[in-house]
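Undergrad: Dropping in upload.cif, with mmCIF, C-alpha atoms.
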data_data
#
loop_
_atom_site.label_atom_id
_atom_site.label_comp_id
_atom_site.auth_asym_id
_atom_site.auth_seq_id
_atom_site.Cartn_x
_atom_site.Cartn_y
_atom_site.Cartn_z
CA ASP A 12 0.00 0.00 0.00
CA VAL A 13 1.06 3.54 -0.70
CA LYS A 14 1.90 5.46 2.45
CA VAL A 15 1.85 9.25 2.44
CA THR A 16 2.78 10.63 5.83
CA GLN A 17 2.10 14.15 7.00
CA SER A 18 4.04 14.41 10.21
CA SER A 19 2.02 17.20 11.82
CA ARG A 20 -1.70 16.51 12.08
CA TYR A 21 -2.66 19.54 14.17
CA LEU A 22 -0.76 22.80 14.50
CA VAL A 23 -1.52 26.14 16.09
CA LYS A 24 0.76 29.00 15.03
CA ARG A 25 0.83 32.72 15.60
CA THR A 26 0.48 35.33 12.88
CA GLY A 27 3.86 36.06 11.34
CA GLU A 28 5.47 32.75 12.28
CA LYS A 29 7.25 30.63 9.71
CA VAL A 30 5.52 27.29 9.33
CA PHE A 31 6.82 24.06 7.82
CA LEU A 32 4.51 21.25 6.76
CA GLU A 33 6.30 18.03 5.92
CA CYS A 34 5.15 15.22 3.66
CA VAL A 35 6.97 11.94 3.12
CA GLN A 36 6.02 9.12 0.75
CA ASP A 37 7.44 5.61 0.64
CA MET A 38 6.59 4.53 -2.91
CA ASP A 39 9.22 6.30 -5.01
CA HIS A 40 6.56 8.42 -6.74
CA GLU A 41 7.81 11.15 -9.03
CA ASN A 42 4.97 13.59 -8.55
CA MET A 43 3.97 15.29 -5.31
CA PHE A 44 1.31 17.90 -4.59
CA TRP A 45 0.13 20.26 -1.88
CA TYR A 46 -3.55 21.20 -1.65
CA ARG A 47 -5.60 23.14 0.82
CA GLN A 48 -9.22 22.33 1.55
CA ASP A 49 -11.73 24.86 2.82
CA PRO A 50 -15.48 24.57 3.39
CA GLY A 51 -17.37 25.80 0.36
CA LEU A 52 -14.22 26.16 -1.74
CA GLY A 53 -13.19 22.53 -2.08
CA LEU A 54 -9.63 21.46 -2.82
CA ARG A 55 -7.26 23.98 -4.35
CA LEU A 56 -3.80 23.20 -5.63
CA ILE A 57 -1.01 25.24 -4.06
CA TYR A 58 2.18 23.79 -5.56
CA PHE A 59 3.35 20.59 -7.18
CA SER A 60 6.62 18.93 -8.11
CA TYR A 61 7.48 16.44 -10.84
CA ASP A 62 11.00 15.74 -9.67
CA VAL A 63 13.64 16.57 -7.11
CA LYS A 64 14.35 20.31 -6.96
CA MET A 65 11.51 20.98 -9.40
CA LYS A 66 8.42 22.95 -8.45
CA GLU A 67 5.44 24.37 -10.27
CA LYS A 68 2.84 26.86 -9.07
CA GLY A 69 -0.70 25.67 -8.71
CA ASP A 70 -3.81 27.80 -8.50
CA ILE A 71 -3.10 29.60 -5.21
CA PRO A 72 0.68 29.82 -4.61
CA GLU A 73 0.68 33.27 -3.02
CA GLY A 74 2.01 33.22 0.53
CA TYR A 75 3.51 29.74 0.13
CA SER A 76 6.74 28.17 -1.03
CA VAL A 77 7.88 24.55 -1.33
CA SER A 78 11.03 22.51 -1.13
CA ARG A 79 11.86 19.14 -2.63
CA GLU A 80 15.44 18.23 -1.86
CA LYS A 81 14.79 14.48 -1.84
CA LYS A 82 12.38 12.46 -3.93
CA GLU A 83 10.42 11.16 -0.98
CA ARG A 84 9.94 14.46 0.83
CA PHE A 85 7.94 17.53 -0.19
CA SER A 86 7.71 20.45 2.23
CA LEU A 87 5.23 23.31 2.23
CA ILE A 88 6.48 26.54 3.78
CA LEU A 89 4.45 29.48 4.99
CA GLU A 90 7.02 32.27 5.26
CA SER A 91 4.84 34.49 7.43
CA ALA A 92 1.62 32.80 8.50
CA SER A 93 -1.60 34.77 8.33
CA THR A 94 -5.05 34.00 9.69
CA ASN A 95 -6.43 33.42 6.18
CA GLN A 96 -4.07 30.48 5.89
CA THR A 97 -5.99 28.61 8.58
CA SER A 98 -7.04 25.49 6.71
CA MET A 99 -6.59 21.78 6.20
CA TYR A 100 -3.52 21.02 4.10
CA LEU A 101 -3.34 17.83 2.09
CA CYS A 102 -0.27 16.29 0.52
CA ALA A 103 -0.63 13.87 -2.39
CA THR A 104 1.62 11.72 -4.55
CA GLN A 105 1.38 10.08 -7.94
CA THR A 106 3.59 7.85 -10.01
CA GLY A 107 3.99 8.84 -13.64
CA SER A 108 1.42 10.85 -15.54
CA GLY A 109 -2.31 10.50 -15.26
CA ASN A 110 -2.23 7.71 -12.72
CA THR A 111 -4.04 7.33 -9.42
CA ILE A 112 -3.26 10.05 -6.93
CA TYR A 113 -2.81 9.16 -3.25
CA PHE A 114 -3.39 11.50 -0.33
CA GLY A 115 -2.00 11.85 3.16
CA GLU A 116 -4.18 12.20 6.25
CA GLY A 117 -4.03 15.99 6.22
CA SER A 118 -2.61 18.69 8.48
CA TRP A 119 -4.96 21.02 10.29
CA LEU A 120 -3.33 24.43 10.66
CA THR A 121 -4.81 27.17 12.80
CA VAL A 122 -3.17 30.61 12.68
CA VAL A 123 -4.11 32.89 15.57
CA LYS B 11 -11.97 26.40 -17.75
CA GLN B 12 -13.10 23.00 -16.52
CA GLU B 13 -15.77 23.00 -13.82
CA VAL B 14 -16.86 19.94 -11.88
CA THR B 15 -20.24 19.88 -10.17
CA GLN B 16 -21.64 17.41 -7.69
CA ILE B 17 -25.31 17.75 -6.80
CA PRO B 18 -26.81 17.40 -4.26
CA ALA B 19 -24.27 18.52 -1.68
CA ALA B 20 -25.70 16.12 0.89
CA LEU B 21 -27.74 12.95 0.81
CA SER B 22 -29.29 10.78 3.52
CA VAL B 23 -30.55 7.26 2.80
CA PRO B 24 -31.62 4.23 4.84
CA GLU B 25 -29.30 1.29 5.08
CA GLY B 26 -29.61 -1.24 2.28
CA GLU B 27 -30.53 1.19 -0.49
CA ASN B 28 -28.75 1.17 -3.81
CA LEU B 29 -27.73 4.69 -4.61
CA VAL B 30 -26.19 6.80 -7.34
CA LEU B 31 -23.91 9.79 -6.83
CA ASN B 32 -23.59 12.17 -9.76
CA CYS B 33 -20.67 14.14 -11.09
CA SER B 34 -20.83 16.47 -14.09
CA PHE B 35 -18.05 18.33 -15.87
CA THR B 36 -18.18 21.12 -18.44
CA ASP B 37 -15.35 20.14 -20.79
CA SER B 38 -15.73 16.64 -22.21
CA ALA B 39 -12.09 16.48 -23.35
CA ILE B 40 -10.82 14.67 -20.29
CA TYR B 41 -7.96 12.22 -19.83
CA ASN B 42 -9.43 10.40 -16.86
CA LEU B 43 -11.74 10.75 -13.88
CA GLN B 44 -11.18 9.65 -10.32
CA TRP B 45 -13.60 9.07 -7.45
CA PHE B 46 -12.47 9.58 -3.86
CA ARG B 47 -13.89 9.03 -0.40
CA GLN B 48 -13.14 11.37 2.50
CA ASP B 49 -14.01 10.59 6.11
CA PRO B 50 -14.43 13.54 8.48
CA GLY B 51 -11.13 15.16 9.35
CA LYS B 52 -9.16 12.75 7.18
CA GLY B 53 -7.45 12.73 3.81
CA LEU B 54 -8.90 11.43 0.56
CA THR B 55 -8.90 7.75 -0.32
CA SER B 56 -8.93 6.80 -3.99
CA LEU B 57 -11.86 4.56 -4.91
CA LEU B 58 -11.86 4.21 -8.68
CA LEU B 59 -10.00 5.65 -11.67
CA ILE B 60 -11.67 5.62 -15.11
CA GLN B 61 -9.63 6.35 -18.21
CA SER B 62 -11.30 8.36 -20.97
CA SER B 63 -11.45 5.25 -23.17
CA GLN B 64 -13.34 3.27 -20.53
CA ARG B 65 -17.05 3.25 -19.81
CA GLU B 66 -16.95 1.88 -16.26
CA GLN B 67 -14.87 0.50 -13.42
CA THR B 68 -15.93 -1.74 -10.57
CA SER B 69 -14.57 -2.42 -7.12
CA GLY B 70 -16.65 -4.52 -4.75
CA ARG B 71 -19.98 -2.80 -4.18
CA LEU B 72 -18.87 0.27 -6.10
CA ASN B 73 -19.32 0.88 -9.80
CA ALA B 74 -18.30 4.06 -11.55
CA SER B 75 -19.44 4.91 -15.06
CA LEU B 76 -18.25 7.57 -17.46
CA ASP B 77 -20.10 9.24 -20.31
CA LYS B 78 -17.67 11.74 -21.76
CA SER B 79 -19.96 13.06 -24.46
CA SER B 80 -22.54 14.18 -21.92
CA GLY B 81 -19.94 15.25 -19.34
CA ARG B 82 -21.16 12.89 -16.65
CA SER B 83 -19.96 10.23 -14.28
CA THR B 84 -21.92 8.29 -11.71
CA LEU B 85 -20.79 6.33 -8.69
CA TYR B 86 -23.17 3.49 -7.90
CA ILE B 87 -23.09 2.06 -4.39
CA ALA B 88 -24.93 -1.22 -3.95
CA ALA B 89 -26.60 -2.23 -0.69
CA SER B 90 -25.43 0.83 1.23
CA GLN B 91 -24.15 0.44 4.79
CA PRO B 92 -23.62 2.92 7.64
CA GLY B 93 -19.87 2.51 7.07
CA ASP B 94 -20.34 4.09 3.64
CA SER B 95 -21.15 7.40 5.33
CA ALA B 96 -18.52 9.85 4.11
CA THR B 97 -17.99 12.60 1.55
CA TYR B 98 -17.49 11.41 -2.01
CA LEU B 99 -15.53 13.59 -4.42
CA CYS B 100 -14.91 13.26 -8.11
CA ALA B 101 -12.02 14.84 -9.98
CA VAL B 102 -11.18 15.09 -13.68
CA ARG B 103 -7.88 15.46 -15.45
CA ALA B 104 -7.61 17.16 -18.85
CA GLY B 105 -4.34 15.54 -19.91
CA ALA B 106 -1.71 13.14 -18.62
CA ASN B 107 0.28 15.98 -17.10
CA SER B 108 -2.64 18.20 -16.19
CA LYS B 109 -3.77 18.92 -12.69
CA LEU B 110 -6.93 17.45 -11.23
CA THR B 111 -10.06 19.58 -11.04
CA PHE B 112 -12.19 18.55 -8.07
CA GLY B 113 -15.88 18.77 -7.38
CA LYS B 114 -16.92 19.92 -3.92
CA GLY B 115 -18.20 16.52 -2.95
CA ILE B 116 -21.41 14.86 -1.82
CA THR B 117 -21.76 14.13 1.89
CA LEU B 118 -23.53 10.81 2.25
CA SER B 119 -25.21 9.63 5.43
CA VAL B 120 -26.49 6.06 5.58
CA ARG B 121 -28.98 5.61 8.42
CA PRO B 122 -29.05 2.26 10.27
#
What's the structure tokens form of this structure?
TA:
Amino acid sequence: DVKVTQSSRYLVKRTGEKVFLECVQDMDHENMFWYRQDPGLGLRLIYFSYDVKMKEKGDIPEGYSVSREKKERFSLILESASTNQTSMYLCATQTGSGNTIYFGEGSWLTVV
Amino acid sequence: KQEVTQIPAALSVPEGENLVLNCSFTDSAIYNLQWFRQDPGKGLTSLLLIQSSQREQTSGRLNASLDKSSGRSTLYIAASQPGDSATYLCAVRAGANSKLTFGKGITLSVRP
């Protein structure tokens, strides 16, 4: 089975803090994604990566950056957290193009 | 721009009913379509993936169909059980390297 691990399930951060969300996958998948999910807005793609050190902007990249130094790990970074970034963040992975996408359990971030 | 719609937003049925969840999309030029299940507070679990050349896919009590020309997919759940209670999302992909476009999901409640 594919395992996508988001190490932090629940976080509470203060406005202006730098926040790191980590995602690790164990299936050697090339593609990794970060989404956020909000009531009424559904899932929105923040950033994705097709390979180590590669990154592509999704639909809502503003206020976020990512890092992929190793194939199995994809990090989402909030440089200066704001209250409108309070959300559930979902990491996902995929092998090759157009194949099944697998999600982690999600990270609930509250910015106060 | 592709839009994915799932109506109704919520559905409540008694245990044992066969039910159909609908998904419609505006651009019929899709590469594939994927159905997911999401339990409260959790990530998404992939249920079925249908390629554009396929008409349906089955897994256990689940059957997903695809009619590209009409821009529709249905997820059929046979003999529903309380454990099927969850939110069901569909997502379409325009090309092999395209991002997924998600619907907002249908929250299903199966009453014992």
Undergrad: In Å to one decimal, how far is CA of Ser38 (chain B) from CA of Gln105 (chain A)?
TA: 23.2 Å
Undergrad: CA of Met38 (chain A) and CA of Ser78 (chain A) are how many Å apart?
TA: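 Spanning CA of Met38 (chain A) to CA of Ser78 (chain A) is a straight-line distance of 18.6 Å.
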Undergrad: Neighbouring residues of His40 (chain A) were defined as those with any atom within 8 Å, considering only C-alpha atoms; residues of the same chain fewer than 3 positions away were excluded. Please report them as an MDAnalysis selection string.
TA: chainID A and resid 36:37 43 82:83 104:107
Undergrad: Region 67-73 of chain A: which residues within 9 Å, counting all atoms listed in the file, same-chain residues fewer than 4 positions away excluded, as a list in words?
TA: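 Surrounding residues, per the criterion: Trp45, Tyr46, Arg55, Leu56, Ile57, Tyr58, Phe59, Ser60 and Tyr61 of chain A; Lys109 of chain B.
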Undergrad: Give the answer as one residue: which of A:Val13, A:Val123, A:Tyr75, A:Tyr113 has the shortest atom-to-atom distance to chain B, using only C-alpha atoms?
TA: A:Tyr113
Undergrad: Which residues, written as number ranges by chain, have at least one atom at most 12 Å from Leu89 (chain A), with all atoms listed in the file counted and residues fewer than 5 positions away on the same chain left out?
TA: A: 24-33, 57, 72-78, 94-97, 100, 120, 122
Undergrad: Run the PyMOL selection byres ((chain B) within 10 of (chain A)) against the file shown and list the residues it catches, as a JSON list (two decimals) with C-alpha atoms, in the coordinates of the input.
TA:
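After the write, selection.json holds the following:
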[["chain", "number", "residue", "atom", "x", "y", "z"],
["B", 41, "TYR", "CA", -7.96, 12.22, -19.83],
["B", 42, "ASN", "CA", -9.43, 10.40, -16.86],
["B", 43, "LEU", "CA", -11.74, 10.75, -13.88],
["B", 44, "GLN", "CA", -11.18, 9.65, -10.32],
["B", 45, "TRP", "CA", -13.60, 9.07, -7.45],
["B", 46, "PHE", "CA", -12.47, 9.58, -3.86],
["B", 48, "GLN", "CA", -13.14, 11.37, 2.50],
["B", 49, "ASP", "CA", -14.01, 10.59, 6.11],
["B", 51, "GLY", "CA", -11.13, 15.16, 9.35],
["B", 52, "LYS", "CA", -9.16, 12.75, 7.18],
["B", 53, "GLY", "CA", -7.45, 12.73, 3.81],
["B", 54, "LEU", "CA", -8.90, 11.43, 0.56],
["B", 55, "THR", "CA", -8.90, 7.75, -0.32],
["B", 56, "SER", "CA", -8.93, 6.80, -3.99],
["B", 57, "LEU", "CA", -11.86, 4.56, -4.91],
["B", 58, "LEU", "CA", -11.86, 4.21, -8.68],
["B", 59, "LEU", "CA", -10.00, 5.65, -11.67],
["B", 60, "ILE", "CA", -11.67, 5.62, -15.11],
["B", 61, "GLN", "CA", -9.63, 6.35, -18.21],
["B", 99, "LEU", "CA", -15.53, 13.59, -4.42],
["B", 103, "ARG", "CA", -7.88, 15.46, -15.45],
["B", 104, "ALA", "CA", -7.61, 17.16, -18.85],
["B", 105, "GLY", "CA", -4.34, 15.54, -19.91],
["B", 106, "ALA", "CA", -1.71, 13.14, -18.62],
["B", 107, "ASN", "CA", 0.28, 15.98, -17.10],
["B", 108, "SER", "CA", -2.64, 18.20, -16.19],
["B", 109, "LYS", "CA", -3.77, 18.92, -12.69],
["B", 110, "LEU", "CA", -6.93, 17.45, -11.23],
["B", 111, "THR", "CA", -10.06, 19.58, -11.04],
["B", 112, "PHE", "CA", -12.19, 18.55, -8.07],
["B", 113, "GLY", "CA", -15.88, 18.77, -7.38],
["B", 114, "LYS", "CA", -16.92, 19.92, -3.92],
["B", 115, "GLY", "CA", -18.20, 16.52, -2.95]]
Undergrad: Report, in Å with one decimal, the straight-line distance from CA of Asn73 (chain B) to CA of Gln12 (chain B).
TA: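 Answer for the CA of Asn73 (chain B) to CA of Gln12 (chain B) separation: 23.9 Å.
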Undergrad: Could you list, as an MDAnalysis selection string, every residue within 8 Å of Arg82 (chain B), counting only C-alpha atoms and ignoring same-chain residues fewer than 4 positions away?
TA: chainID B and resid 32:35 76:78
Undergrad: Which of these residues is nearest to Arg47 (chain B), using all atoms listed in the file: B:Asp94, B:Glu66, B:Glu13, B:Glu27?
TA: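 Using all atoms listed in the file, the shortest distance to Arg47 (chain B) belongs to B:Asp94.
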Undergrad: Please determine, counting only C-alpha atoms, which residue among B:Thr36, B:Ser119, B:Ser75, B:Gln64 has the shortest atom-to-atom distance to Ser90 (chain B).
TA: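 Looking only at the distances to Ser90 (chain B), the closest residue turns out to be B:Ser119.
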Undergrad: Can you list, as an NGL selection string, every protein, DNA or RNA residue that comes within 12 Å of Leu29 (chain B) when you count only C-alpha atoms, leaving out same-chain residues fewer than 2 positions away?
TA: :B and (21-27 or 31-32 or 71-74 or 84-91 or 94 or 118-120)
Undergrad: Closest to Glu80 (chain A) among A:Val35, A:Ser93, A:Ser19, A:Lys14, using all atoms listed in the file?
TA: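 Looking at the shortest contact to Glu80 (chain A), the residue is A:Val35.
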Undergrad: Around all of region 35-51 of chain B's listed atoms, make the axis-aligned box with 4 Å on each side and tell me centre and edge lengths in Å to one decimal, as JSON.
TA:
{"center_x": -13.1, "center_y": 15.1, "center_z": -7.0, "size_x": 18.2, "size_y": 20.1, "size_z": 40.7}
Undergrad: Using all atoms listed in the file for the distances, tell me which of B:Thr15, B:Ala20, B:Gly70, B:Ala39 is nearest to Ile116 (chain B).
TA: B:Ala20
Undergrad: Write out N, CA, C and O atoms for region 85-108 of chain B, as an mmCIF file, keeping the file's coordinate frame.
TA:
data_model
loop_
_atom_site.group_PDB
_atom_site.id
_atom_site.type_symbol
_atom_site.label_atom_id
_atom_site.label_comp_id
_atom_site.auth_asym_id
_atom_site.auth_seq_id
_atom_site.Cartn_x
_atom_site.Cartn_y
_atom_site.Cartn_z
ATOM 1 N N LEU B 85 -21.316 7.333 -9.599
ATOM 2 C CA LEU B 85 -20.790 6.330 -8.690
ATOM 3 C C LEU B 85 -21.980 5.605 -8.090
ATOM 4 O O LEU B 85 -22.808 6.211 -7.397
ATOM 5 N N TYR B 86 -22.071 4.321 -8.383
ATOM 6 C CA TYR B 86 -23.170 3.490 -7.900
ATOM 7 C C TYR B 86 -22.668 2.707 -6.688
ATOM 8 O O TYR B 86 -21.622 2.051 -6.767
ATOM 9 N N ILE B 87 -23.423 2.801 -5.598
ATOM 10 C CA ILE B 87 -23.090 2.060 -4.390
ATOM 11 C C ILE B 87 -24.229 1.071 -4.136
ATOM 12 O O ILE B 87 -25.384 1.477 -3.935
ATOM 13 N N ALA B 88 -23.913 -0.188 -4.154
ATOM 14 C CA ALA B 88 -24.930 -1.220 -3.950
ATOM 15 C C ALA B 88 -25.060 -1.541 -2.469
ATOM 16 O O ALA B 88 -24.086 -1.542 -1.722
ATOM 17 N N ALA B 89 -26.305 -1.781 -2.054
ATOM 18 C CA ALA B 89 -26.600 -2.230 -0.690
ATOM 19 C C ALA B 89 -25.837 -1.388 0.340
ATOM 20 O O ALA B 89 -24.983 -1.898 1.078
ATOM 21 N N SER B 90 -26.177 -0.112 0.390
ATOM 22 C CA SER B 90 -25.430 0.830 1.230
ATOM 23 C C SER B 90 -25.428 0.412 2.700
ATOM 24 O O SER B 90 -26.389 -0.198 3.214
ATOM 25 N N GLN B 91 -24.329 0.764 3.383
ATOM 26 C CA GLN B 91 -24.150 0.440 4.790
ATOM 27 C C GLN B 91 -23.776 1.708 5.556
ATOM 28 O O GLN B 91 -23.229 2.641 4.974
ATOM 29 N N PRO B 92 -24.014 1.734 6.869
ATOM 30 C CA PRO B 92 -23.620 2.920 7.640
ATOM 31 C C PRO B 92 -22.148 3.280 7.478
ATOM 32 O O PRO B 92 -21.774 4.446 7.511
ATOM 33 N N GLY B 93 -21.303 2.270 7.280
ATOM 34 C CA GLY B 93 -19.870 2.510 7.070
ATOM 35 C C GLY B 93 -19.559 3.226 5.768
ATOM 36 O O GLY B 93 -18.428 3.691 5.580
ATOM 37 N N ASP B 94 -20.537 3.339 4.884
ATOM 38 C CA ASP B 94 -20.340 4.090 3.640
ATOM 39 C C ASP B 94 -20.506 5.583 3.854
ATOM 40 O O ASP B 94 -20.260 6.371 2.942
ATOM 41 N N SER B 95 -20.957 5.978 5.029
ATOM 42 C CA SER B 95 -21.150 7.400 5.330
ATOM 43 C C SER B 95 -19.812 8.135 5.235
ATOM 44 O O SER B 95 -18.861 7.788 5.933
ATOM 45 N N ALA B 96 -19.762 9.107 4.371
ATOM 46 C CA ALA B 96 -18.520 9.850 4.110
ATOM 47 C C ALA B 96 -18.850 10.904 3.055
ATOM 48 O O ALA B 96 -19.977 10.981 2.562
ATOM 49 N N THR B 97 -17.849 11.692 2.693
ATOM 50 C CA THR B 97 -17.990 12.600 1.550
ATOM 51 C C THR B 97 -17.311 11.974 0.355
ATOM 52 O O THR B 97 -16.194 11.462 0.455
ATOM 53 N N TYR B 98 -17.995 12.005 -0.777
ATOM 54 C CA TYR B 98 -17.490 11.410 -2.010
ATOM 55 C C TYR B 98 -17.191 12.527 -3.009
ATOM 56 O O TYR B 98 -18.054 13.342 -3.319
ATOM 57 N N LEU B 99 -15.964 12.560 -3.493
ATOM 58 C CA LEU B 99 -15.530 13.590 -4.420
ATOM 59 C C LEU B 99 -15.139 12.966 -5.751
ATOM 60 O O LEU B 99 -14.566 11.879 -5.787
ATOM 61 N N CYS B 100 -15.444 13.672 -6.821
ATOM 62 C CA CYS B 100 -14.910 13.260 -8.110
ATOM 63 C C CYS B 100 -13.948 14.335 -8.602
ATOM 64 O O CYS B 100 -14.027 15.498 -8.191
ATOM 65 N N ALA B 101 -13.020 13.911 -9.446
ATOM 66 C CA ALA B 101 -12.020 14.840 -9.980
ATOM 67 C C ALA B 101 -11.699 14.421 -11.401
ATOM 68 O O ALA B 101 -11.603 13.222 -11.693
ATOM 69 N N VAL B 102 -11.503 15.394 -12.285
ATOM 70 C CA VAL B 102 -11.180 15.090 -13.680
ATOM 71 C C VAL B 102 -9.821 15.674 -14.016
ATOM 72 O O VAL B 102 -9.374 16.660 -13.421
ATOM 73 N N ARG B 103 -9.187 15.025 -14.977
ATOM 74 C CA ARG B 103 -7.880 15.460 -15.450
ATOM 75 C C ARG B 103 -7.970 15.670 -16.954
ATOM 76 O O ARG B 103 -8.453 14.800 -17.680
ATOM 77 N N ALA B 104 -7.488 16.837 -17.433
ATOM 78 C CA ALA B 104 -7.610 17.160 -18.850
ATOM 79 C C ALA B 104 -6.567 16.422 -19.700
ATOM 80 O O ALA B 104 -6.821 16.062 -20.849
ATOM 81 N N GLY B 105 -5.400 16.217 -19.177
ATOM 82 C CA GLY B 105 -4.340 15.540 -19.910
ATOM 83 C C GLY B 105 -3.464 14.779 -18.936
ATOM 84 O O GLY B 105 -3.600 14.911 -17.725
ATOM 85 N N ALA B 106 -2.543 13.987 -19.476
ATOM 86 C CA ALA B 106 -1.710 13.140 -18.620
ATOM 87 C C ALA B 106 -0.935 13.961 -17.605
ATOM 88 O O ALA B 106 -0.732 13.543 -16.469
ATOM 89 N N ASN B 107 -0.498 15.142 -18.002
ATOM 90 C CA ASN B 107 0.280 15.980 -17.100
ATOM 91 C C ASN B 107 -0.501 17.164 -16.550
ATOM 92 O O ASN B 107 0.076 18.098 -16.002
ATOM 93 N N SER B 108 -1.796 17.113 -16.686
ATOM 94 C CA SER B 108 -2.640 18.200 -16.190
ATOM 95 C C SER B 108 -2.997 17.973 -14.739
ATOM 96 O O SER B 108 -2.991 16.846 -14.245
#
